[in-house]
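Dropping structure00.cif in here (mmCIF, C-alpha atoms):
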data_run
#
loop_
_atom_site.group_PDB
_atom_site.id
_atom_site.type_symbol
_atom_site.label_atom_id
_atom_site.label_comp_id
_atom_site.auth_asym_id
_atom_site.auth_seq_id
_atom_site.Cartn_x
_atom_site.Cartn_y
_atom_site.Cartn_z
ATOM 1 C CA MET X 1 -25.756 -16.283 137.847
ATOM 2 C CA ILE X 2 -28.581 -14.710 135.893
ATOM 3 C CA ILE X 3 -31.412 -16.676 134.263
ATOM 4 C CA ASP X 4 -33.786 -14.698 132.056
ATOM 5 C CA LYS X 5 -35.338 -14.346 128.633
ATOM 6 C CA LEU X 6 -32.787 -13.441 125.986
ATOM 7 C CA GLU X 7 -34.837 -10.373 125.036
ATOM 8 C CA ASN X 8 -34.066 -8.965 128.511
ATOM 9 C CA LEU X 9 -30.276 -9.013 128.073
ATOM 10 C CA LYS X 10 -30.427 -5.284 127.350
ATOM 11 C CA ASN X 11 -31.535 -4.781 130.971
ATOM 12 C CA TYR X 12 -28.154 -6.105 132.127
ATOM 13 C CA ALA X 13 -26.041 -3.848 129.875
ATOM 14 C CA SER X 14 -24.549 -2.042 132.882
ATOM 15 C CA VAL X 15 -23.220 -5.309 134.390
ATOM 16 C CA ASN X 16 -20.263 -5.462 131.988
ATOM 17 C CA PRO X 17 -19.023 -2.917 129.418
ATOM 18 C CA LEU X 18 -19.105 -5.593 126.666
ATOM 19 C CA PHE X 19 -22.728 -6.658 127.248
ATOM 20 C CA PRO X 20 -24.076 -3.869 124.951
ATOM 21 C CA LYS X 21 -21.930 -5.370 122.148
ATOM 22 C CA VAL X 22 -23.628 -8.744 122.745
ATOM 23 C CA VAL X 23 -27.039 -7.064 122.515
ATOM 24 C CA GLU X 24 -25.980 -5.344 119.268
ATOM 25 C CA PHE X 25 -24.678 -8.645 117.836
ATOM 26 C CA LEU X 26 -27.971 -10.372 118.665
ATOM 27 C CA GLN X 27 -29.938 -7.604 116.947
ATOM 28 C CA GLN X 28 -27.853 -7.978 113.784
ATOM 29 C CA ASN X 29 -27.485 -11.782 113.635
ATOM 30 C CA ASP X 30 -29.689 -14.859 113.784
ATOM 31 C CA LEU X 31 -27.879 -17.312 116.073
ATOM 32 C CA ASN X 32 -29.663 -20.253 114.448
ATOM 33 C CA ALA X 33 -28.301 -19.238 111.040
ATOM 34 C CA LEU X 34 -24.663 -18.921 112.149
ATOM 35 C CA GLU X 35 -22.227 -21.661 111.187
ATOM 36 C CA ALA X 36 -20.814 -23.831 113.957
ATOM 37 C CA GLY X 37 -17.551 -22.508 115.354
ATOM 38 C CA LYS X 38 -16.064 -19.382 116.871
ATOM 39 C CA HIS X 39 -17.227 -15.931 115.744
ATOM 40 C CA GLU X 40 -15.076 -13.060 117.039
ATOM 41 C CA ILE X 41 -16.904 -9.861 117.948
ATOM 42 C CA VAL X 42 -14.246 -7.908 119.877
ATOM 43 C CA GLY X 43 -11.128 -10.030 119.426
ATOM 44 C CA LYS X 44 -10.395 -12.334 122.354
ATOM 45 C CA ASP X 45 -12.452 -10.177 124.733
ATOM 46 C CA LEU X 46 -15.833 -11.076 123.213
ATOM 47 C CA PHE X 47 -16.779 -13.919 120.909
ATOM 48 C CA VAL X 48 -19.527 -16.467 120.438
ATOM 49 C CA ASN X 49 -19.161 -20.200 119.954
ATOM 50 C CA ILE X 50 -21.959 -21.933 118.076
ATOM 51 C CA GLN X 51 -21.848 -25.636 118.797
ATOM 52 C CA MET X 52 -23.630 -28.933 118.705
ATOM 53 C CA ALA X 53 -23.019 -30.284 122.189
ATOM 54 C CA LYS X 54 -23.586 -33.809 123.421
ATOM 55 C CA GLY X 55 -26.626 -33.994 125.688
ATOM 56 C CA ARG X 56 -25.731 -35.295 129.135
ATOM 57 C CA THR X 57 -27.514 -36.560 132.203
ATOM 58 C CA PRO X 58 -26.960 -34.737 135.505
ATOM 59 C CA ALA X 59 -24.576 -37.534 136.533
ATOM 60 C CA GLU X 60 -22.530 -37.103 133.329
ATOM 61 C CA ALA X 61 -22.381 -33.300 133.457
ATOM 62 C CA ILE X 62 -19.089 -31.729 134.504
ATOM 63 C CA ILE X 63 -19.008 -28.625 136.674
ATOM 64 C CA GLU X 64 -16.736 -25.918 135.300
ATOM 65 C CA THR X 65 -15.560 -22.454 136.291
ATOM 66 C CA HIS X 66 -13.759 -19.669 134.449
ATOM 67 C CA ASN X 67 -11.398 -17.091 135.949
ATOM 68 C CA ASN X 68 -11.377 -14.465 133.213
ATOM 69 C CA MET X 69 -14.555 -14.875 131.182
ATOM 70 C CA ILE X 70 -18.306 -14.651 131.695
ATOM 71 C CA ASP X 71 -20.456 -17.193 129.860
ATOM 72 C CA ILE X 72 -23.776 -16.236 128.318
ATOM 73 C CA GLN X 73 -25.181 -19.645 127.404
ATOM 74 C CA ILE X 74 -28.172 -19.822 125.082
ATOM 75 C CA PRO X 75 -29.895 -23.078 124.092
ATOM 76 C CA LEU X 76 -31.050 -22.877 120.476
ATOM 77 C CA SER X 77 -32.566 -26.223 119.495
ATOM 78 C CA ASP X 78 -33.879 -27.724 122.741
ATOM 79 C CA ALA X 79 -34.227 -27.046 126.445
ATOM 80 C CA GLU X 80 -30.959 -27.188 128.354
ATOM 81 C CA THR X 81 -30.542 -27.716 132.072
ATOM 82 C CA PHE X 82 -27.603 -26.235 133.946
ATOM 83 C CA GLY X 83 -26.244 -27.447 137.246
ATOM 84 C CA TYR X 84 -25.123 -24.698 139.620
ATOM 85 C CA THR X 85 -22.773 -24.652 142.613
ATOM 86 C CA GLN X 86 -21.149 -21.557 144.071
ATOM 87 C CA ARG X 87 -17.453 -21.584 143.261
ATOM 88 C CA ASP X 88 -16.376 -21.188 146.878
ATOM 89 C CA ALA X 89 -18.201 -24.465 147.684
ATOM 90 C CA LEU X 90 -16.284 -26.446 145.047
ATOM 91 C CA PRO X 91 -13.160 -28.528 145.736
ATOM 92 C CA GLU X 92 -9.788 -27.416 144.391
ATOM 93 C CA ALA X 93 -9.066 -28.603 140.850
ATOM 94 C CA GLU X 94 -6.487 -27.927 138.157
ATOM 95 C CA TYR X 95 -6.956 -24.704 136.202
ATOM 96 C CA ASN X 96 -6.176 -24.659 132.466
ATOM 97 C CA ALA X 97 -5.019 -21.055 131.907
ATOM 98 C CA GLU X 98 -4.866 -21.422 128.102
ATOM 99 C CA LYS X 99 -8.551 -22.386 127.921
ATOM 100 C CA ASP X 100 -9.583 -20.425 131.053
ATOM 101 C CA ILE X 101 -11.349 -23.425 132.568
ATOM 102 C CA THR X 102 -11.350 -25.532 135.677
ATOM 103 C CA LYS X 103 -13.304 -28.784 135.409
ATOM 104 C CA ILE X 104 -14.647 -30.620 138.433
ATOM 105 C CA PRO X 105 -15.928 -34.039 137.295
ATOM 106 C CA ASP X 106 -17.837 -36.576 139.360
ATOM 107 C CA LEU X 107 -19.574 -33.995 141.529
ATOM 108 C CA ALA X 108 -23.311 -33.322 141.540
ATOM 109 C CA ALA X 109 -24.361 -29.694 141.379
ATOM 110 C CA ASP X 110 -26.197 -28.119 144.331
ATOM 111 C CA SER X 111 -29.148 -27.034 142.170
ATOM 112 C CA TYR X 112 -30.451 -27.146 138.611
ATOM 113 C CA ILE X 113 -32.269 -24.706 136.324
ATOM 114 C CA THR X 114 -33.701 -25.331 132.869
ATOM 115 C CA CYS X 115 -33.619 -22.785 130.053
ATOM 116 C CA GLN X 116 -35.842 -23.072 127.019
ATOM 117 C CA PRO X 117 -34.786 -21.711 123.618
ATOM 118 C CA GLY X 118 -35.240 -17.943 123.880
ATOM 119 C CA MET X 119 -33.732 -17.892 127.370
ATOM 120 C CA MET X 120 -30.169 -17.386 128.608
ATOM 121 C CA ALA X 121 -28.026 -18.335 131.566
ATOM 122 C CA ILE X 122 -25.204 -15.963 132.502
ATOM 123 C CA PHE X 123 -22.398 -17.439 134.575
ATOM 124 C CA PHE X 124 -19.770 -15.235 136.209
ATOM 125 C CA PRO X 125 -16.342 -16.338 137.527
ATOM 126 C CA GLN X 126 -17.876 -17.036 140.950
ATOM 127 C CA ASP X 127 -20.416 -19.462 139.426
ATOM 128 C CA GLY X 128 -19.696 -23.153 139.040
ATOM 129 C CA HIS X 129 -21.912 -24.475 136.257
ATOM 130 C CA ALA X 130 -22.564 -27.838 134.634
ATOM 131 C CA PRO X 131 -23.874 -27.247 131.090
ATOM 132 C CA CYS X 132 -25.357 -29.496 128.401
ATOM 133 C CA ILE X 133 -27.835 -31.395 130.532
ATOM 134 C CA ALA X 134 -30.488 -32.240 127.965
ATOM 135 C CA GLY X 135 -32.982 -34.965 127.175
ATOM 136 C CA VAL X 136 -31.723 -35.190 123.595
ATOM 137 C CA PRO X 137 -28.514 -36.726 122.191
ATOM 138 C CA GLU X 138 -27.303 -33.374 120.857
ATOM 139 C CA ILE X 139 -28.213 -29.750 121.517
ATOM 140 C CA LYS X 140 -27.407 -26.716 119.395
ATOM 141 C CA LYS X 141 -26.341 -23.805 121.539
ATOM 142 C CA ALA X 142 -24.554 -20.467 121.561
ATOM 143 C CA ILE X 143 -22.006 -19.513 124.183
ATOM 144 C CA PHE X 144 -20.917 -15.888 124.336
ATOM 145 C CA LYS X 145 -17.558 -15.547 126.080
ATOM 146 C CA VAL X 146 -17.230 -12.078 127.615
ATOM 147 C CA LYS X 147 -14.086 -10.749 129.330
ATOM 148 C CA ALA X 148 -14.929 -10.326 133.011
#
Represent the structure contained in this file as structure tokens.
Amino acid sequence: MIIDKLENLKNYASVNPLFPKVVEFLQQNDLNALEAGKHEIVGKDLFVNIQMAKGRTPAEAIIETHNNMIDIQIPLSDAETFGYTQRDALPEAEYNAEKDITKIPDLAADSYITCQPGMMAIFFPQDGHAPCIAGVPEIKKAIFKVKA
């Protein structure tokens, strides 16, 4: 997991060969101006979802993991808190291969971190994360999905 200011994403370009494409996309696009939905950047290997997500309490948040994709989650409208638990500490749960997601409901995360707009949270396949914890009913956010 990486938590940092969005402007520092360029410093992580060597972490994944598609990260420079994310940096380029951010330089050429205003995330707040993009329509809700999926925006392909490099086919199925790199895309961004712009969404209005329901704000949740820590108790309502669902821990998830991904086998094949890295999430770069960026709150746009309000602060967003993310729960975090290392994947190897999570119980077994059913994996949805089509959506590349395993959901582990009814489990509190080990720790929490809050990102303000202008920050990002990067979650790798080894990172269990519970997104959308917010003190507002709905939060606008961007989620870059990057092939791991």
Exercise: Lys10 of chain X partners within 12 Å, only C-alpha atoms, chain neighbours under 6 positions left out, as a PDB file with C-alpha atoms, in the frame of the given file:
ATOM      1  CA  ASP X   4     -33.786 -14.698 132.056  1.00  0.00           C
ATOM      2  CA  ASN X  16     -20.263  -5.462 131.988  1.00  0.00           C
ATOM      3  CA  PRO X  17     -19.023  -2.917 129.418  1.00  0.00           C
ATOM      4  CA  LEU X  18     -19.105  -5.593 126.666  1.00  0.00           C
ATOM      5  CA  PHE X  19     -22.728  -6.658 127.248  1.00  0.00           C
ATOM      6  CA  PRO X  20     -24.076  -3.869 124.951  1.00  0.00           C
ATOM      7  CA  LYS X  21     -21.930  -5.370 122.148  1.00  0.00           C
ATOM      8  CA  VAL X  22     -23.628  -8.744 122.745  1.00  0.00           C
ATOM      9  CA  VAL X  23     -27.039  -7.064 122.515  1.00  0.00           C
ATOM     10  CA  GLU X  24     -25.980  -5.344 119.268  1.00  0.00           C
ATOM     11  CA  PHE X  25     -24.678  -8.645 117.836  1.00  0.00           C
ATOM     12  CA  LEU X  26     -27.971 -10.372 118.665  1.00  0.00           C
ATOM     13  CA  GLN X  27     -29.938  -7.604 116.947  1.00  0.00           C
TER      14      GLN X  27
END
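Atom pair atom CA of Ala59 of chain X / atom CA of Asn32 of chain X has a distance of 28.5 Å (rounded to one decimal).
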> Glu80 of chain X: which residues within 12 Å, counting all atoms listed in the file, same-chain residues fewer than 5 positions away excluded, as an MDAnalysis selection string?
Replying inline: chainID X and resid 53:58 61 73:75 112:121 130:142
Mind checking which residues fall within 8 Å of Ala36 of chain X, counting only C-alpha atoms, ignoring those fewer than 3 positions away in the same chain, and posting them as a compact mmCIF listing (two decimals) with C-alpha atoms, in the coordinates of the input?
# COMPACT_ATOMS: atom_id res chain seq x y z
CA ASN X 49 -19.16 -20.20 119.95
CA ILE X 50 -21.96 -21.93 118.08
CA GLN X 51 -21.85 -25.64 118.80
CA MET X 52 -23.63 -28.93 118.70
>> Which residues would end up in the selection if the PyMOL selection byres ((chain X and resi 41) around 10) were applied here, given that I need the answer as a ChimeraX atom specification?
In response: /X:18,21-22,25,38-40,42-48,144-146
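When the PyMOL selection byres ((chain X and resi 125) around 6) is evaluated on the file shown here, the picked residues come out as X:His66, X:Asn67, X:Phe124, X:Gln126, X:Asp127.
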> What does the distance from atom CA of Lys5 of chain X to atom CA of Asp88 of chain X come to in Å, to one decimal?
Replying inline: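 Answer for the atom CA of Lys5 of chain X to atom CA of Asp88 of chain X separation: 27.2 Å.
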> What gap, in Å, lies between atom CA of Ile72 of chain X and atom CA of Gly128 of chain X?
Replying inline: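 Answer for the atom CA of Ile72 of chain X to atom CA of Gly128 of chain X separation: 13.4 Å.
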>> I'd like to know which of X:Thr85, X:Glu7, X:Ala108, X:Ser14 is closest to Ile62 of chain X, using only C-alpha atoms.
In response: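 Closest residue, counting only C-alpha atoms: X:Ala108.
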> For Asn8 of chain X, which of X:Leu90, X:Ala33, X:Leu107, X:Ile122 is the closest residue, counting only C-alpha atoms?
Replying inline: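 Among X:Leu90, X:Ala33, X:Leu107, X:Ile122, it is X:Ile122 that comes nearest to Asn8 of chain X.
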>> With all atoms listed in the file as the counted atoms, please give the residues lying no more than 10 Å from segment 91-99 of chain X, apart from itself and same-chain residues fewer than 4 positions off, as an NGL selection string.
In response: :X and (64-68 or 87 or 103-105 or 107)
